[in-house]
file upload-v6.cif (mmCIF, C-alpha atoms)
data_model
loop_
_atom_site.group_PDB
_atom_site.id
_atom_site.type_symbol
_atom_site.label_atom_id
_atom_site.label_comp_id
_atom_site.auth_asym_id
_atom_site.auth_seq_id
_atom_site.Cartn_x
_atom_site.Cartn_y
_atom_site.Cartn_z
ATOM 1 C CA MET Q 113 63.674 96.226 89.559
ATOM 2 C CA THR Q 114 66.675 98.529 89.191
ATOM 3 C CA LEU Q 115 70.081 96.907 89.738
ATOM 4 C CA LEU Q 116 72.245 98.615 92.351
ATOM 5 C CA PRO Q 117 75.836 97.372 92.829
ATOM 6 C CA ILE Q 118 76.760 97.310 96.547
ATOM 7 C CA THR Q 119 80.269 96.314 97.626
ATOM 8 C CA PRO Q 120 80.478 96.689 101.451
ATOM 9 C CA ARG Q 121 80.436 93.257 103.053
ATOM 10 C CA THR Q 122 78.674 94.364 106.231
ATOM 11 C CA PHE Q 123 75.793 95.718 104.145
ATOM 12 C CA ARG Q 124 74.897 92.200 103.025
ATOM 13 C CA GLN Q 125 75.966 90.414 106.212
ATOM 14 C CA VAL Q 126 73.645 92.398 108.496
ATOM 15 C CA GLN Q 127 69.870 92.357 108.118
ATOM 16 C CA GLY Q 128 67.932 95.512 108.815
ATOM 17 C CA GLU Q 129 66.235 98.659 107.594
ATOM 18 C CA HIS Q 130 68.841 99.261 104.889
ATOM 19 C CA GLN Q 131 67.895 96.070 103.051
ATOM 20 C CA ASP Q 132 64.177 96.637 103.555
ATOM 21 C CA LEU Q 133 64.540 100.039 101.875
ATOM 22 C CA LEU Q 134 65.945 98.381 98.763
ATOM 23 C CA THR Q 135 62.949 96.098 98.301
ATOM 24 C CA GLU Q 136 60.397 98.767 99.172
ATOM 25 C CA ASN Q 137 61.797 101.076 96.493
ATOM 26 C CA GLY Q 138 62.271 98.624 93.663
ATOM 27 C CA LEU Q 139 66.042 98.283 93.994
ATOM 28 C CA GLU Q 140 67.809 94.948 93.564
ATOM 29 C CA ALA Q 141 71.261 94.654 95.092
ATOM 30 C CA ARG Q 142 74.043 93.323 92.885
ATOM 31 C CA TYR Q 143 76.639 91.965 95.304
ATOM 32 C CA PRO Q 144 80.134 90.798 94.324
ATOM 33 C CA ASP Q 145 81.027 87.132 94.679
ATOM 34 C CA GLN Q 146 84.353 87.951 96.348
ATOM 35 C CA ASP Q 147 84.578 88.364 100.118
ATOM 36 C CA ARG Q 148 87.364 90.961 99.981
ATOM 37 C CA VAL Q 149 88.232 94.346 98.522
ATOM 38 C CA LEU Q 150 87.697 94.158 94.767
ATOM 39 C CA ARG Q 151 90.239 94.851 92.057
ATOM 40 C CA GLU Q 152 89.577 97.445 89.382
ATOM 41 C CA ASP Q 153 88.657 94.837 86.749
ATOM 42 C CA GLU Q 154 86.214 93.210 89.168
ATOM 43 C CA MET Q 155 84.623 96.579 89.884
ATOM 44 C CA VAL Q 156 84.268 97.228 86.155
ATOM 45 C CA GLU Q 157 82.397 93.945 85.787
ATOM 46 C CA LEU Q 158 80.201 94.620 88.825
ATOM 47 C CA VAL Q 159 78.982 98.081 87.783
ATOM 48 C CA ALA Q 160 78.498 97.360 84.067
ATOM 49 C CA GLY Q 161 75.143 98.688 82.932
ATOM 50 C CA CYS Q 162 74.368 100.421 86.246
ATOM 51 C CA ARG Q 163 73.942 104.123 86.926
ATOM 52 C CA ALA Q 164 74.410 104.191 90.717
ATOM 53 C CA LEU Q 165 76.823 102.482 93.109
ATOM 54 C CA ILE Q 166 77.193 102.052 96.869
ATOM 55 C CA VAL Q 167 80.883 101.455 97.545
ATOM 56 C CA GLY Q 168 83.075 100.703 100.534
ATOM 57 C CA VAL Q 169 86.862 100.797 100.177
ATOM 58 C CA ASP Q 170 86.970 99.264 96.696
ATOM 59 C CA PRO Q 171 88.609 101.303 93.902
ATOM 60 C CA VAL Q 172 86.383 103.627 91.904
ATOM 61 C CA THR Q 173 88.599 104.665 88.999
ATOM 62 C CA ASP Q 174 87.943 106.371 85.690
ATOM 63 C CA ALA Q 175 87.448 102.932 84.124
ATOM 64 C CA VAL Q 176 84.924 101.924 86.798
ATOM 65 C CA LEU Q 177 82.968 105.157 86.384
ATOM 66 C CA ALA Q 178 82.849 104.686 82.627
ATOM 67 C CA ALA Q 179 81.771 101.030 82.868
ATOM 68 C CA GLY Q 180 78.314 101.916 84.165
ATOM 69 C CA PRO Q 181 78.351 104.548 83.060
ATOM 70 C CA LEU Q 182 77.797 105.730 86.625
ATOM 71 C CA ALA Q 183 75.994 108.939 87.492
ATOM 72 C CA LEU Q 184 76.059 108.520 91.281
ATOM 73 C CA VAL Q 185 78.555 107.019 93.724
ATOM 74 C CA VAL Q 186 77.486 106.803 97.365
ATOM 75 C CA LYS Q 187 80.289 106.126 99.810
ATOM 76 C CA TYR Q 188 79.449 103.686 102.595
ATOM 77 C CA GLY Q 189 81.252 105.813 105.169
ATOM 78 C CA VAL Q 190 83.181 109.036 104.822
ATOM 79 C CA GLY Q 191 86.717 108.468 103.464
ATOM 80 C CA LEU Q 192 86.826 109.218 99.740
ATOM 81 C CA ASP Q 193 90.466 108.301 99.084
ATOM 82 C CA ASN Q 194 89.469 105.188 97.087
ATOM 83 C CA ILE Q 195 87.416 107.269 94.651
ATOM 84 C CA ASP Q 196 88.991 109.175 91.759
ATOM 85 C CA LEU Q 197 87.274 112.479 92.488
ATOM 86 C CA GLU Q 198 88.875 114.250 89.533
ATOM 87 C CA ALA Q 199 87.560 111.609 87.145
ATOM 88 C CA ALA Q 200 84.147 111.856 88.782
ATOM 89 C CA ALA Q 201 84.134 115.621 88.312
ATOM 90 C CA ARG Q 202 85.127 115.285 84.661
ATOM 91 C CA GLY Q 203 82.306 112.828 84.080
ATOM 92 C CA ASP Q 204 79.782 114.873 86.076
ATOM 93 C CA VAL Q 205 79.355 111.975 88.518
ATOM 94 C CA ARG Q 206 77.920 112.928 91.905
ATOM 95 C CA VAL Q 207 79.860 111.510 94.885
ATOM 96 C CA VAL Q 208 77.968 111.419 98.185
ATOM 97 C CA PRO Q 209 79.473 110.304 101.528
ATOM 98 C CA THR Q 210 77.520 109.153 104.591
ATOM 99 C CA PRO Q 211 79.352 111.018 107.376
ATOM 100 C CA GLY Q 212 78.994 110.223 111.059
ATOM 101 C CA THR Q 213 77.121 106.953 110.692
ATOM 102 C CA ASN Q 214 80.011 104.715 111.761
ATOM 103 C CA ALA Q 215 81.657 107.167 114.164
ATOM 104 C CA PRO Q 216 80.488 105.461 117.397
ATOM 105 C CA SER Q 217 81.879 102.100 116.284
ATOM 106 C CA VAL Q 218 85.240 103.499 115.150
ATOM 107 C CA ALA Q 219 85.554 105.492 118.366
ATOM 108 C CA GLU Q 220 84.901 102.405 120.488
ATOM 109 C CA LEU Q 221 87.546 100.452 118.565
ATOM 110 C CA THR Q 222 89.988 103.296 119.190
ATOM 111 C CA ILE Q 223 89.409 103.107 122.934
ATOM 112 C CA THR Q 224 89.694 99.308 122.793
ATOM 113 C CA MET Q 225 93.099 99.684 121.148
ATOM 114 C CA MET Q 226 94.251 102.144 123.813
ATOM 115 C CA LEU Q 227 93.307 99.718 126.571
ATOM 116 C CA ALA Q 228 94.856 96.755 124.754
ATOM 117 C CA LEU Q 229 98.185 98.553 124.373
ATOM 118 C CA ALA Q 230 98.133 99.859 127.937
ATOM 119 C CA ARG Q 231 97.702 96.358 129.367
ATOM 120 C CA GLY Q 232 99.685 94.379 126.781
ATOM 121 C CA LEU Q 233 96.703 92.214 125.817
ATOM 122 C CA VAL Q 234 98.238 90.918 122.596
ATOM 123 C CA PRO Q 235 101.538 89.633 124.069
ATOM 124 C CA HIS Q 236 99.732 88.353 127.163
ATOM 125 C CA HIS Q 237 97.284 86.379 125.031
ATOM 126 C CA GLN Q 238 100.052 85.036 122.800
ATOM 127 C CA GLY Q 239 102.009 83.994 125.867
ATOM 128 C CA MET Q 240 99.042 82.021 127.154
ATOM 129 C CA VAL Q 241 98.675 80.351 123.744
ATOM 130 C CA ASP Q 242 102.359 79.433 123.842
ATOM 131 C CA GLY Q 243 102.079 78.038 127.372
ATOM 132 C CA SER Q 244 103.750 80.958 129.111
ATOM 133 C CA ARG Q 245 102.334 82.893 132.036
ATOM 134 C CA ALA Q 246 104.914 85.665 131.856
ATOM 135 C CA ARG Q 247 103.403 89.018 132.711
ATOM 136 C CA ARG Q 248 104.147 92.442 131.271
ATOM 137 C CA VAL Q 249 103.655 95.396 133.592
ATOM 138 C CA GLY Q 250 101.119 97.763 132.041
ATOM 139 C CA VAL Q 251 99.899 101.249 132.774
ATOM 140 C CA GLU Q 252 96.614 102.861 133.728
ATOM 141 C CA LEU Q 253 95.096 105.329 131.288
ATOM 142 C CA ALA Q 254 93.340 107.366 133.979
ATOM 143 C CA GLY Q 255 95.253 110.582 134.597
ATOM 144 C CA ARG Q 256 97.261 110.317 131.378
ATOM 145 C CA GLN Q 257 97.081 112.749 128.472
ATOM 146 C CA VAL Q 258 95.592 111.788 125.117
ATOM 147 C CA GLY Q 259 96.158 113.898 122.027
ATOM 148 C CA ILE Q 260 93.316 113.777 119.503
ATOM 149 C CA VAL Q 261 94.437 114.717 115.975
ATOM 150 C CA GLY Q 262 91.300 115.732 114.093
ATOM 151 C CA TYR Q 263 88.080 116.749 115.807
ATOM 152 C CA GLY Q 264 85.490 115.423 113.372
ATOM 153 C CA ASN Q 265 82.746 112.912 114.101
ATOM 154 C CA VAL Q 266 85.134 110.174 115.275
ATOM 155 C CA GLY Q 267 87.675 112.402 117.012
ATOM 156 C CA ARG Q 268 84.944 114.112 119.030
ATOM 157 C CA ARG Q 269 83.587 110.772 120.263
ATOM 158 C CA VAL Q 270 87.061 109.485 121.116
ATOM 159 C CA ALA Q 271 87.610 112.642 123.161
ATOM 160 C CA GLU Q 272 84.343 112.106 125.043
ATOM 161 C CA LEU Q 273 85.078 108.427 125.746
ATOM 162 C CA SER Q 274 88.627 109.267 126.842
ATOM 163 C CA ARG Q 275 87.246 111.732 129.349
ATOM 164 C CA CYS Q 276 85.056 108.933 130.728
ATOM 165 C CA LEU Q 277 88.315 107.066 131.420
ATOM 166 C CA ARG Q 278 89.473 110.156 133.373
ATOM 167 C CA MET Q 279 92.129 111.019 130.820
ATOM 168 C CA GLU Q 280 93.189 114.591 130.111
ATOM 169 C CA VAL Q 281 92.086 115.359 126.560
ATOM 170 C CA LEU Q 282 93.993 117.700 124.242
ATOM 171 C CA VAL Q 283 92.929 118.351 120.639
ATOM 172 C CA HIS Q 284 94.671 119.539 117.488
ATOM 173 C CA ASP Q 285 92.535 120.530 114.512
ATOM 174 C CA PRO Q 286 93.412 123.702 112.537
ATOM 175 C CA ILE Q 287 90.042 123.647 110.753
ATOM 176 C CA VAL Q 288 87.438 122.809 113.393
ATOM 177 C CA GLU Q 289 86.698 125.067 116.347
ATOM 178 C CA VAL Q 290 87.006 123.158 119.621
ATOM 179 C CA ASP Q 291 84.934 124.425 122.546
ATOM 180 C CA GLU Q 292 84.828 121.570 125.032
ATOM 181 C CA PHE Q 293 88.504 120.557 125.139
ATOM 182 C CA GLU Q 294 91.822 122.365 125.004
ATOM 183 C CA GLN Q 295 93.094 123.058 121.489
ATOM 184 C CA VAL Q 296 96.899 122.856 121.300
ATOM 185 C CA SER Q 297 99.689 123.170 118.739
ATOM 186 C CA TRP Q 298 101.033 120.340 116.582
ATOM 187 C CA ASP Q 299 104.242 120.165 118.601
ATOM 188 C CA ARG Q 300 102.281 119.937 121.843
ATOM 189 C CA ILE Q 301 99.846 117.287 120.586
ATOM 190 C CA LEU Q 302 102.738 114.950 119.877
ATOM 191 C CA ARG Q 303 103.995 115.124 123.468
ATOM 192 C CA ASN Q 304 101.164 113.094 124.978
ATOM 193 C CA ASP Q 305 100.951 109.630 126.496
ATOM 194 C CA VAL Q 306 98.579 108.619 123.689
ATOM 195 C CA VAL Q 307 98.244 110.144 120.200
ATOM 196 C CA SER Q 308 95.138 109.134 118.234
ATOM 197 C CA ILE Q 309 94.698 110.095 114.560
ATOM 198 C CA HIS Q 310 91.283 110.963 113.117
ATOM 199 C CA VAL Q 311 91.816 112.929 109.911
ATOM 200 C CA PRO Q 312 90.970 112.067 106.284
ATOM 201 C CA TYR Q 313 93.718 110.866 103.991
ATOM 202 C CA GLN Q 314 94.655 113.186 101.129
ATOM 203 C CA PRO Q 315 97.951 114.289 99.546
ATOM 204 C CA ALA Q 316 98.387 117.015 102.162
ATOM 205 C CA THR Q 317 98.130 114.496 105.022
ATOM 206 C CA HIS Q 318 100.367 111.805 103.513
ATOM 207 C CA HIS Q 319 102.818 110.739 106.259
ATOM 208 C CA LEU Q 320 101.352 113.312 108.613
ATOM 209 C CA ILE Q 321 103.144 111.287 111.266
ATOM 210 C CA ASP Q 322 106.626 111.025 109.757
ATOM 211 C CA ARG Q 323 109.999 110.139 111.203
ATOM 212 C CA GLU Q 324 110.401 113.606 112.710
ATOM 213 C CA ALA Q 325 106.962 113.508 114.341
ATOM 214 C CA LEU Q 326 107.632 110.048 115.775
ATOM 215 C CA ALA Q 327 110.914 111.252 117.242
ATOM 216 C CA ALA Q 328 109.067 114.155 118.891
ATOM 217 C CA MET Q 329 106.589 111.831 120.593
ATOM 218 C CA HIS Q 330 106.889 111.147 124.279
ATOM 219 C CA PRO Q 331 109.095 108.076 125.024
ATOM 220 C CA GLY Q 332 106.834 105.132 125.778
ATOM 221 C CA ALA Q 333 103.794 106.778 124.172
ATOM 222 C CA PHE Q 334 101.090 104.905 122.264
ATOM 223 C CA LEU Q 335 100.092 105.772 118.686
ATOM 224 C CA ILE Q 336 96.594 104.861 117.457
ATOM 225 C CA ASN Q 337 95.537 105.120 113.813
ATOM 226 C CA THR Q 338 91.966 104.105 113.001
ATOM 227 C CA SER Q 339 91.954 106.335 109.926
ATOM 228 C CA ARG Q 340 94.042 105.437 106.856
ATOM 229 C CA PRO Q 341 97.483 103.726 106.986
ATOM 230 C CA PRO Q 342 99.333 106.255 104.744
ATOM 231 C CA LEU Q 343 98.796 108.946 107.365
ATOM 232 C CA VAL Q 344 101.797 107.361 109.136
ATOM 233 C CA ASP Q 345 105.248 106.523 107.773
ATOM 234 C CA GLU Q 346 105.049 102.836 108.654
ATOM 235 C CA ALA Q 347 108.750 102.158 108.016
ATOM 236 C CA ALA Q 348 109.669 104.922 110.452
ATOM 237 C CA LEU Q 349 107.098 103.586 112.923
ATOM 238 C CA SER Q 350 108.629 100.119 112.729
ATOM 239 C CA ASP Q 351 112.046 101.611 113.505
ATOM 240 C CA ALA Q 352 110.607 103.541 116.469
ATOM 241 C CA LEU Q 353 109.022 100.376 117.879
ATOM 242 C CA GLU Q 354 112.189 98.334 117.393
ATOM 243 C CA ARG Q 355 114.233 100.990 119.201
ATOM 244 C CA GLY Q 356 111.741 100.970 122.055
ATOM 245 C CA HIS Q 357 111.028 104.674 121.632
ATOM 246 C CA LEU Q 358 107.273 104.060 121.542
ATOM 247 C CA GLY Q 359 105.381 101.929 124.001
ATOM 248 C CA GLY Q 360 103.152 100.581 121.269
ATOM 249 C CA ALA Q 361 101.027 101.305 118.217
ATOM 250 C CA ALA Q 362 97.703 100.070 116.881
ATOM 251 C CA PHE Q 363 96.318 100.390 113.344
ATOM 252 C CA ASP Q 364 92.958 99.512 111.838
ATOM 253 C CA ASP Q 365 94.464 98.307 108.531
ATOM 254 C CA LEU Q 366 97.967 98.247 107.087
ATOM 255 C CA GLY Q 367 99.695 99.868 104.131
ATOM 256 C CA LYS Q 368 100.593 98.188 100.855
ATOM 257 C CA ASP Q 369 104.270 97.412 101.500
ATOM 258 C CA PRO Q 370 104.328 93.733 102.579
ATOM 259 C CA GLU Q 371 107.883 93.923 103.977
ATOM 260 C CA VAL Q 372 107.047 96.876 106.215
ATOM 261 C CA SER Q 373 103.783 95.239 107.282
ATOM 262 C CA ALA Q 374 105.649 92.065 108.193
ATOM 263 C CA ARG Q 375 108.093 94.052 110.330
ATOM 264 C CA LEU Q 376 105.257 95.727 112.189
ATOM 265 C CA LEU Q 377 103.322 92.503 112.745
ATOM 266 C CA ALA Q 378 106.460 90.848 114.125
ATOM 267 C CA SER Q 379 106.564 93.395 116.950
ATOM 268 C CA ASP Q 380 104.826 92.499 120.199
ATOM 269 C CA ARG Q 381 104.255 96.234 120.637
ATOM 270 C CA PHE Q 382 102.051 96.445 117.559
ATOM 271 C CA LEU Q 383 98.369 95.608 117.150
ATOM 272 C CA ALA Q 384 96.534 95.508 113.808
ATOM 273 C CA THR Q 385 92.933 94.901 112.801
ATOM 274 C CA PRO Q 386 91.576 94.410 109.232
ATOM 275 C CA HIS Q 387 89.806 97.747 108.703
ATOM 276 C CA CYS Q 388 87.031 96.631 111.048
ATOM 277 C CA GLY Q 389 86.328 99.926 112.798
ATOM 278 C CA ALA Q 390 82.867 100.177 111.280
ATOM 279 C CA ALA Q 391 82.144 96.444 111.330
ATOM 280 C CA THR Q 392 79.340 96.411 113.881
ATOM 281 C CA VAL Q 393 75.661 95.598 113.498
ATOM 282 C CA GLU Q 394 74.662 99.091 114.541
ATOM 283 C CA ALA Q 395 77.058 100.855 112.158
ATOM 284 C CA ALA Q 396 76.045 98.597 109.268
ATOM 285 C CA VAL Q 397 72.371 99.460 109.704
ATOM 286 C CA ARG Q 398 72.997 103.195 110.159
ATOM 287 C CA THR Q 399 75.444 103.484 107.279
ATOM 288 C CA GLY Q 400 73.528 101.172 104.979
ATOM 289 C CA THR Q 401 70.288 103.025 105.608
ATOM 290 C CA ALA Q 402 71.947 106.399 105.003
ATOM 291 C CA ALA Q 403 73.532 105.080 101.794
ATOM 292 C CA VAL Q 404 70.272 103.749 100.364
ATOM 293 C CA ARG Q 405 68.467 106.945 101.302
ATOM 294 C CA ALA Q 406 71.188 108.919 99.501
ATOM 295 C CA VAL Q 407 70.607 106.812 96.388
ATOM 296 C CA LEU Q 408 66.871 107.497 96.597
ATOM 297 C CA GLU Q 409 67.359 111.216 97.230
ATOM 298 C CA HIS Q 410 69.414 111.439 94.030
ATOM 299 C CA ARG Q 411 67.014 109.317 91.987
ATOM 300 C CA SER Q 412 66.886 111.930 89.213
ATOM 301 C CA LEU Q 413 70.561 111.297 88.438
ATOM 302 C CA TRP Q 414 70.302 107.563 87.734
ATOM 303 C CA GLN Q 415 66.696 106.797 86.942
ATOM 304 C CA GLY Q 416 65.425 106.576 83.399
#
call {"tool": "encode", "arguments": {"input": "upload-v6.cif", "output": "structure tokens"}}
result
Amino acid sequence: MTLLPITPRTFRQVQGEHQDLLTENGLEARYPDQDRVLREDEMVELVAGCRALIVGVDPVTDAVLAAGPLALVVKYGVGLDNIDLEAAARGDVRVVPTPGTNAPSVAELTITMMLALARGLVPHHQGMVDGSRARRVGVELAGRQVGIVGYGNVGRRVAELSRCLRMEVLVHDPIVEVDEFEQVSWDRILRNDVVSIHVPYQPATHHLIDREALAAMHPGAFLINTSRPPLVDEAALSDALERGHLGGAAFDDLGKDPEVSARLLASDRFLATPHCGAATVEAAVRTGTAAVRAVLEHRSLWQG
């Protein structure tokens, strides 16, 4: 049996075709003991002596690549910001993503967040827990405009689901051609009732939504970020929420500044989830199966 380190928790939590493929092809999963994102030293220990890796959001640094030494890294998903791509290139390590496999789940979470903000589900629930039946007047999403930033696999599905809610969909993506919905400028995309971000994180997109962009947003608008936290200046977002400029914001994960995170979580206009966009049974099976198949397709890199 060939040892294959696998870090994503949903891979091992969900039974299905992805795990059957391992056994059928003589692969033995090496899972971490920790039920969280691993540190670099823990990753080094996990991959030692292995040539291939299936990784989630755990760090894949130069030291991790060398510890195998790894020849193949398969990303369980699409975002590669946790992988040192320059180090991988220097070491001739192949990095393979599994695009589109978790898009339906992330898109559904995005819509869930829109609805939760529109109807104040978080403060209403907390009020009930605290013994209060105070009600916050919400809004209907039907007839409102949603701006989709990034028209990849997730953005396209969010646009389609938003249309099912009878929202007017506008899209901004300078790279992808958009046929089905109206493509608009950056300035125009910010002036919507809802702005939803679906672009990869890289140096060029760091703080894509900065203080200036937040100020340009429509008063009372909702901001949704189910991509990566650093796409938004979270300190500036906290200020915008405290001033009441935005109606609310929802993130699937938070940045690394604990003080800023605490400020955001203290706001009853903010909703956060623990990077769970792809945490569904269906996404786990699709992504896990695609990841194992990618390992098998690149067998020549790690076998022998």
call {"tool": "resolve_selection", "arguments": {"input": "upload-v6.cif", "expression": "the PyMOL selection byres ((chain Q and resi 374-389) around 7)", "output": "mmCIF file with C-alpha atoms, in the frame of the given file"}}
result
data_model
loop_
_atom_site.group_PDB
_atom_site.id
_atom_site.type_symbol
_atom_site.label_atom_id
_atom_site.label_comp_id
_atom_site.auth_asym_id
_atom_site.auth_seq_id
_atom_site.Cartn_x
_atom_site.Cartn_y
_atom_site.Cartn_z
ATOM 1 C CA SER Q 217 81.879 102.100 116.284
ATOM 2 C CA VAL Q 218 85.240 103.499 115.150
ATOM 3 C CA LEU Q 221 87.546 100.452 118.565
ATOM 4 C CA PRO Q 235 101.538 89.633 124.069
ATOM 5 C CA SER Q 350 108.629 100.119 112.729
ATOM 6 C CA LEU Q 353 109.022 100.376 117.879
ATOM 7 C CA GLY Q 359 105.381 101.929 124.001
ATOM 8 C CA GLY Q 360 103.152 100.581 121.269
ATOM 9 C CA ALA Q 361 101.027 101.305 118.217
ATOM 10 C CA ALA Q 362 97.703 100.070 116.881
ATOM 11 C CA PHE Q 363 96.318 100.390 113.344
ATOM 12 C CA ASP Q 364 92.958 99.512 111.838
ATOM 13 C CA ASP Q 365 94.464 98.307 108.531
ATOM 14 C CA PRO Q 370 104.328 93.733 102.579
ATOM 15 C CA GLU Q 371 107.883 93.923 103.977
ATOM 16 C CA VAL Q 372 107.047 96.876 106.215
ATOM 17 C CA SER Q 373 103.783 95.239 107.282
ATOM 18 C CA ALA Q 390 82.867 100.177 111.280
ATOM 19 C CA ALA Q 391 82.144 96.444 111.330
#
call {"tool": "residues_near_point", "arguments": {"input": "upload-v6.cif", "point": "(90.0, 106.4, 115.4)", "cutoff": "8 Å", "atoms": "all atoms listed in the file", "output": "list in words"}}
result
Val218, Ala219, Leu221, Thr222, Val266, Gly267, Val270, Ser308, Ile309, His310, Ile336, Asn337, Thr338, Ser339 and Gly389 of chain Q
call {"tool": "resolve_selection", "arguments": {"input": "upload-v6.cif", "expression": "the PyMOL selection byres ((chain Q and resi 174-179) around 7)", "output": "short mmCIF file (atom, residue, chain, number, x, y, z; two decimals) with C-alpha atoms, in the frame of the given file"}}
result
data_model
loop_
_atom_site.label_atom_id
_atom_site.label_comp_id
_atom_site.auth_asym_id
_atom_site.auth_seq_id
_atom_site.Cartn_x
_atom_site.Cartn_y
_atom_site.Cartn_z
CA GLU Q 152 89.58 97.44 89.38
CA MET Q 155 84.62 96.58 89.88
CA VAL Q 156 84.27 97.23 86.16
CA VAL Q 159 78.98 98.08 87.78
CA ALA Q 160 78.50 97.36 84.07
CA VAL Q 172 86.38 103.63 91.90
CA THR Q 173 88.60 104.66 89.00
CA GLY Q 180 78.31 101.92 84.16
CA PRO Q 181 78.35 104.55 83.06
CA LEU Q 182 77.80 105.73 86.62
CA ASP Q 196 88.99 109.18 91.76
CA ALA Q 199 87.56 111.61 87.14
#
call {"tool": "atom_distance", "arguments": {"input": "upload-v6.cif", "atom1": "CA of Pro211 (chain Q)", "atom2": "CA of Met113 (chain Q)"}}
result
28.0 Å
call {"tool": "resolve_selection", "arguments": {"input": "upload-v6.cif", "expression": "the PyMOL selection byres ((chain Q and resi 302) around 10)", "output": "list in words"}}
result
Val258, Gly259, Ile260, Val261, His284, Val296, Ser297, Trp298, Asp299, Arg300, Ile301, Arg303, Asn304, Asp305, Val306, Val307, Ser308, Ile321, Ala325, Leu326, Ala327, Ala328, Met329, His330, Ala333 and Leu335 of chain Q
call {"tool": "write_last_selection", "arguments": {"input": "upload-v6.cif", "atoms": "C-alpha atoms", "output": "PDB file, keeping the file's coordinate frame"}}
result
ATOM      1  CA  VAL Q 258      95.592 111.788 125.117  1.00  0.00           C
ATOM      2  CA  GLY Q 259      96.158 113.898 122.027  1.00  0.00           C
ATOM      3  CA  ILE Q 260      93.316 113.777 119.503  1.00  0.00           C
ATOM      4  CA  VAL Q 261      94.437 114.717 115.975  1.00  0.00           C
ATOM      5  CA  HIS Q 284      94.671 119.539 117.488  1.00  0.00           C
ATOM      6  CA  VAL Q 296      96.899 122.856 121.300  1.00  0.00           C
ATOM      7  CA  SER Q 297      99.689 123.170 118.739  1.00  0.00           C
ATOM      8  CA  TRP Q 298     101.033 120.340 116.582  1.00  0.00           C
ATOM      9  CA  ASP Q 299     104.242 120.165 118.601  1.00  0.00           C
ATOM     10  CA  ARG Q 300     102.281 119.937 121.843  1.00  0.00           C
ATOM     11  CA  ILE Q 301      99.846 117.287 120.586  1.00  0.00           C
ATOM     12  CA  ARG Q 303     103.995 115.124 123.468  1.00  0.00           C
ATOM     13  CA  ASN Q 304     101.164 113.094 124.978  1.00  0.00           C
ATOM     14  CA  ASP Q 305     100.951 109.630 126.496  1.00  0.00           C
ATOM     15  CA  VAL Q 306      98.579 108.619 123.689  1.00  0.00           C
ATOM     16  CA  VAL Q 307      98.244 110.144 120.200  1.00  0.00           C
ATOM     17  CA  SER Q 308      95.138 109.134 118.234  1.00  0.00           C
ATOM     18  CA  ILE Q 321     103.144 111.287 111.266  1.00  0.00           C
ATOM     19  CA  ALA Q 325     106.962 113.508 114.341  1.00  0.00           C
ATOM     20  CA  LEU Q 326     107.632 110.048 115.775  1.00  0.00           C
ATOM     21  CA  ALA Q 327     110.914 111.252 117.242  1.00  0.00           C
ATOM     22  CA  ALA Q 328     109.067 114.155 118.891  1.00  0.00           C
ATOM     23  CA  MET Q 329     106.589 111.831 120.593  1.00  0.00           C
ATOM     24  CA  HIS Q 330     106.889 111.147 124.279  1.00  0.00           C
ATOM     25  CA  ALA Q 333     103.794 106.778 124.172  1.00  0.00           C
ATOM     26  CA  LEU Q 335     100.092 105.772 118.686  1.00  0.00           C
TER      27      LEU Q 335
END
call {"tool": "closest_residue", "arguments": {"input": "upload-v6.cif", "among": "Q:Val311, Q:Arg142, Q:His357, Q:Gly243", "to": "Val344 (chain Q)", "atoms": "only C-alpha atoms"}}
result
Q:Val311
call {"tool": "atom_distance", "arguments": {"input": "upload-v6.cif", "atom1": "CA of Ala183 (chain Q)", "atom2": "CA of Arg206 (chain Q)"}}
result
6.3 Å
call {"tool": "residues_near_point", "arguments": {"input": "upload-v6.cif", "point": "(64.6, 101.5, 101.4)", "cutoff": "10 Å", "atoms": "all atoms listed in the file", "output": "JSON, numbers by chain"}}
result
{"Q": [129, 130, 131, 132, 133, 134, 135, 136, 137, 138, 139, 400, 401, 402, 403, 404, 405, 407, 408]}
call {"tool": "atom_distance", "arguments": {"input": "upload-v6.cif", "atom1": "CA of Glu272 (chain Q)", "atom2": "CA of Asn214 (chain Q)"}}
result
15.8 Å
call {"tool": "closest_atom_pairs", "arguments": {"input": "upload-v6.cif", "of": "region 134-214 of chain Q", "to": "region 114-124 of chain Q", "cutoff": "8 Å", "atoms": "all atoms listed in the file", "output": "CSV"}}
result
residue,atom,partner,partner_atom,distance
Q:Gly138,CA,Q:Thr114,CA,6.3
Q:Leu139,CA,Q:Thr114,CA,4.9
Q:Glu140,CA,Q:Leu115,CA,4.9
Q:Ala141,CA,Q:Leu116,CA,4.9
Q:Arg142,CA,Q:Pro117,CA,4.4
Q:Tyr143,CA,Q:Ile118,CA,5.5
Q:Pro144,CA,Q:Thr119,CA,6.4
Q:Asp147,CA,Q:Arg121,CA,7.1
Q:Arg148,CA,Q:Arg121,CA,7.9
Q:Leu158,CA,Q:Pro117,CA,6.5
Q:Val159,CA,Q:Pro117,CA,6.0
Q:Cys162,CA,Q:Leu115,CA,6.6
Q:Arg163,CA,Q:Leu116,CA,7.9
Q:Ala164,CA,Q:Leu116,CA,6.2
Q:Leu165,CA,Q:Pro117,CA,5.2
Q:Ile166,CA,Q:Ile118,CA,4.8
Q:Val167,CA,Q:Thr119,CA,5.2
Q:Gly168,CA,Q:Pro120,CA,4.9
Q:Val169,CA,Q:Pro120,CA,7.7
Q:Asp170,CA,Q:Thr119,CA,7.4
Q:Tyr188,CA,Q:Pro120,CA,7.2
call {"tool": "residues_around", "arguments": {"input": "upload-v6.cif", "residues": "Leu192 (chain Q)", "least_positions_apart": "3", "cutoff": "9 Å", "atoms": "all atoms listed in the file", "output": "list in words"}}
result
Val169, Lys187, Gly189, Ile195, Asp196, Leu197, Val207, Pro209, Pro312, Tyr313 and Gln314 of chain Q
call {"tool": "axis_aligned_box", "arguments": {"input": "upload-v6.cif", "around": "region 216-221 of chain Q", "padding_each_side": "6 Å", "output": "JSON"}}
result
{"center_x": 84.0, "center_y": 103.0, "center_z": 117.8, "size_x": 19.1, "size_y": 17.0, "size_z": 17.3}
